[in-house]
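A.B. asks: Here it is, the structure, as structure tokens.
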Amino acid sequence: MLVLAWDASGLDLATARLFGSASGFPGELHWFWRGVMHEPMRNLGWVVELTLLAALIWPFGVLKQLPVARRMQLALTPLLALILVAGNKAYSLTSCPSELQEFGGLASYVSHWALGLADGGHGGCFPAGHASAGFAFVAGFFAFRHNQPRLAVRWLLGALMAGAVLGLAQQVRGQHYMSHTLWTALICWLCAAAVDWGVSQWLARRPAPAPAPAHDFEAPTPWMPPASHG
């Protein structure tokens, strides 16, 4: 509901104007927003993902406490979320704020709800791909919540904070609207929730392990004193 309310508010352009003007977005090439918050942060996301994949074979720390099915859920769900976000971007006709005429570009503002209507730019800007490097890891909340609820909450807060910061960095650079970041968060959340439901259903229907076979117990022969010969 919050995402839909933001879309209806029309505040995407208002927030873009906070960081850009007719001469463009000063933060687009800034050493911090581009040199620190863009490529390095995206690479850090892949480091985390590769670590989770490696933990499928060599679990460590709190990951040892997760069942194999939950470790697979934790490692593979972010990849699925990234695929969903990238797939939507590939077919999106929405261009980034930096391409708008009022910010020195050639495109006109067109809502991402106007399906099939090009805005005169390059498109491919909806939803926010960079923010997914943080939001995709909300999968950890669902994987841990079944037996480590406190850790699950901390993981969730970390993933949401990472996604929000990465989304803000792209807004400062004129590479996304606020709605793009919010939709990415929602897509990653729904993806993680769907996978969690599927894994939980599979675990619930899996037959319980058979009890260990009972071993025949042979009572020891009572000790009898040797017969006396006399």
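Starting from 1 in every chain, residues are counted up; chains themselves are A, B, ... following the order of the structure tokens, and ligands are numbered from 1 as listed.
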Region 56-184 of chain A: which residues are helix (DSSP H, G or I) by DSSP, as a PyMOL selection string?
C.D. replies: chain A and resi 61-65+68-91+97-99+101-103+132-144+149-172+178-184
A.B. asks: Counting only C-alpha atoms, which of A:Leu168, A:Leu84, A:Ala143, A:Leu13 gets nearest to Val110 (chain A)?
C.D. replies: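 Ranking A:Leu168, A:Leu84, A:Ala143, A:Leu13 by distance to Val110 (chain A), first place goes to A:Leu13.
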A.B. asks: Excluding region 114-128 of chain A and residues on its chain fewer than 3 positions from it, collect all residues at most 8 Å away from it, counting only C-alpha atoms, and give them as a ChimeraX atom specification.
C.D. replies: /A:85,88-96,99-100,106-111,131-132,167,175-176,179-181,183-184
A.B. asks: When distances are computed from only C-alpha atoms, which of A:Arg150, A:Gly158, A:Gly140, A:Ala164 shows the smallest separation from Leu66 (chain A)?
C.D. replies: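 Using only C-alpha atoms, the shortest distance to Leu66 (chain A) belongs to A:Gly140.
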A.B. asks: Just checking: using only C-alpha atoms, which residue out of A:Ser21, A:Thr77, A:Ser9, A:Thr15 ends up closest to Ala194 (chain A)?
C.D. replies: A:Thr77
A.B. asks: Can you work out the spacing between CA of Phe144 (chain A) and CA of Arg70 (chain A) in Å, to one decimal?
C.D. replies: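 Computed distance, CA of Phe144 (chain A) to CA of Arg70 (chain A), equals 7.8 Å.
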A.B. asks: For Val165 (chain A), work out the shell of residues within 12 Å, counting only C-alpha atoms and skipping chain neighbours fewer than 5 positions away, then give it as a PyMOL selection string.
C.D. replies: chain A and resi 33+37-38+41+130-135+158-160+170-172+178+181-182
A.B. asks: Expressed in Å to a single decimal, how great is the separation between CA of Ser200 (chain A) and CA of Val138 (chain A)?
C.D. replies: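 Separation of CA of Ser200 (chain A) and CA of Val138 (chain A): 16.7 Å.
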A.B. asks: Would you mind telling me which residue in A:Pro78, A:Glu39, A:Lys64, A:Gln101 lies nearest to Ser23 (chain A) when using only C-alpha atoms?
C.D. replies: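 For Ser23 (chain A), the nearest of the candidates is A:Gln101.
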A.B. asks: Restricting the calculation to only C-alpha atoms, which member of A:His30, A:Val68, A:Gly129, A:Pro59 is positioned closest to Leu166 (chain A)?
C.D. replies: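 Among the listed residues, the smallest separation from Leu166 (chain A) belongs to A:Gly129.
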A.B. asks: Give me the residues within 9 Å of Leu190 (chain A) as an NGL selection string, counting only C-alpha atoms and dropping any in the same chain fewer than 5 places off.
C.D. replies: :A and (81 or 185 or 195)
A.B. asks: Can you measure CA of Glu28 (chain A) to CA of Tyr177 (chain A) for me? One decimal in Å is fine.
C.D. replies: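 According to the coordinates, CA of Glu28 (chain A) and CA of Tyr177 (chain A) are separated by 13.8 Å.
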